[in-house]
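Chemist: Dropping the structure in here first, questions after.
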Amino acid sequence: MNAEVQMMIIFLVASFLSILYLLRLLEKKESDFADTLLDLREINEALLLDKEYSRQIQAEKDELIYGLQVNSQQMAVEIESVQAEVRKQKGRAQSAHTSKGQILEKWTPFLTHKQIDPHWRAEDWSFLGQPIDYVVFDWHKDKQKNLAEGKIVLLDVKAAKSQLTTKQRRIRDLVVHGSVEWREIRLD
């Protein structure tokens, strides 16, 4: 055998071995590719499941939000109804307090109370109503006693927690200050 043939055989064997090596490498790459492809398919399926699960969660959220909105609207209607009833009841209560106060105003001359002098007679009370409820004339027939002990009382009756109006407070201030006078007017 000549050297050329030997070289050719060596070349062919080396080529054959290289081809075998490349085929094995290709098989391994194909196997790795198949594994990678399988992994990608599994990941894709998992992502599709996650996407479907997300859709379900979103649908549940949307349903809950809608339910909450409906409940909120119903509660708003109920709150408005309750507030209207509260206003109505407050109005009734205020009306009842006002009525009670007006009744008490009328009966005050006949009541016993620590701020009503026991010797005041009902006929000496004059009802005005506005802005002061009563003028009480605490007078005596005897002129000297009348000047010493008599007085004229401007009296306002209040029930519960009611307060003097601004006008009533101003009148009270004038009386306390002594800014009261007597005038007699004669008309012909």
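In the structure tokens, the first chain shown is A, the next is B, and so on; residue numbers restart at 1 for each chain, and ligands run from 1 in the order shown.
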I'd like the neighbourhood of segment 158-161 of chain A as number ranges by chain, where a residue qualifies if any of its atoms comes within 8 Å (using only C-alpha atoms), though same-chain residues fewer than 6 positions away should be ignored.
Modeler: A: 97, 100-101, 104-105
Chemist: Please return, as a ChimeraX atom specification, all residues of segment 20-188 of chain A that DSSP assigns to helix (DSSP H, G or I) on the basis of the backbone.
Modeler: /A:20-110,122-124,143-149,166-177
Chemist: Do you have the atom CA of Ile116 of chain A-atom CA of Asp156 of chain A distance handy?
Modeler: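 Calculated distance between atom CA of Ile116 of chain A and atom CA of Asp156 of chain A is 11.6 Å.
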Chemist: If you run DSSP on the backbone, which residues of chain A are strand (DSSP E or B), as JSON, numbers by chain?
Modeler: {"A": [125, 126, 127, 134, 135, 136, 137, 138, 151, 152, 153, 154, 155]}
Chemist: Considering only C-alpha atoms, state which residue in the set A:Leu128, A:Lys88, A:Val153, A:Glu52 is at the smallest distance from Gln115 of chain A.
Modeler: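 Among the listed residues, A:Val153 lies closest to Gln115 of chain A.
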Chemist: In terms of the shortest atom-to-atom distance over only C-alpha atoms, which of A:Glu80, A:Asp117, A:Glu42, A:Glu149 is closest to Val136 of chain A?
Modeler: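 Smallest distance to Val136 of chain A is found for A:Asp117.
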Chemist: Mind checking which residues fall within 9 Å of Lys151 of chain A, counting only C-alpha atoms, ignoring those fewer than 3 positions away in the same chain, and posting them as a PyMOL selection string?
Modeler: chain A and resi 136-139+146-148
Chemist: Can you tell me which residues surround segment 165-182 of chain A at a distance of at most 10 Å, considering only C-alpha atoms, apart from same-chain residues fewer than 6 positions away, and format the answer as a list in words?
Modeler: Gln130, Pro131, Ile132, Val153, Leu154, Leu155 and Asp156 of chain A
Chemist: Between atom CA of Tyr21 of chain A and atom CA of Phe33 of chain A, what is the distance in Å, rounded to a tenth?
Modeler: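 Calculated distance between atom CA of Tyr21 of chain A and atom CA of Phe33 of chain A is 17.8 Å.
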Chemist: Between A:Val157, A:Phe11, A:Trp120, A:Arg183, which is the closest to Tyr134 of chain A once you count only C-alpha atoms?
Modeler: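 Ranked by minimum distance to Tyr134 of chain A, first place goes to A:Val157.
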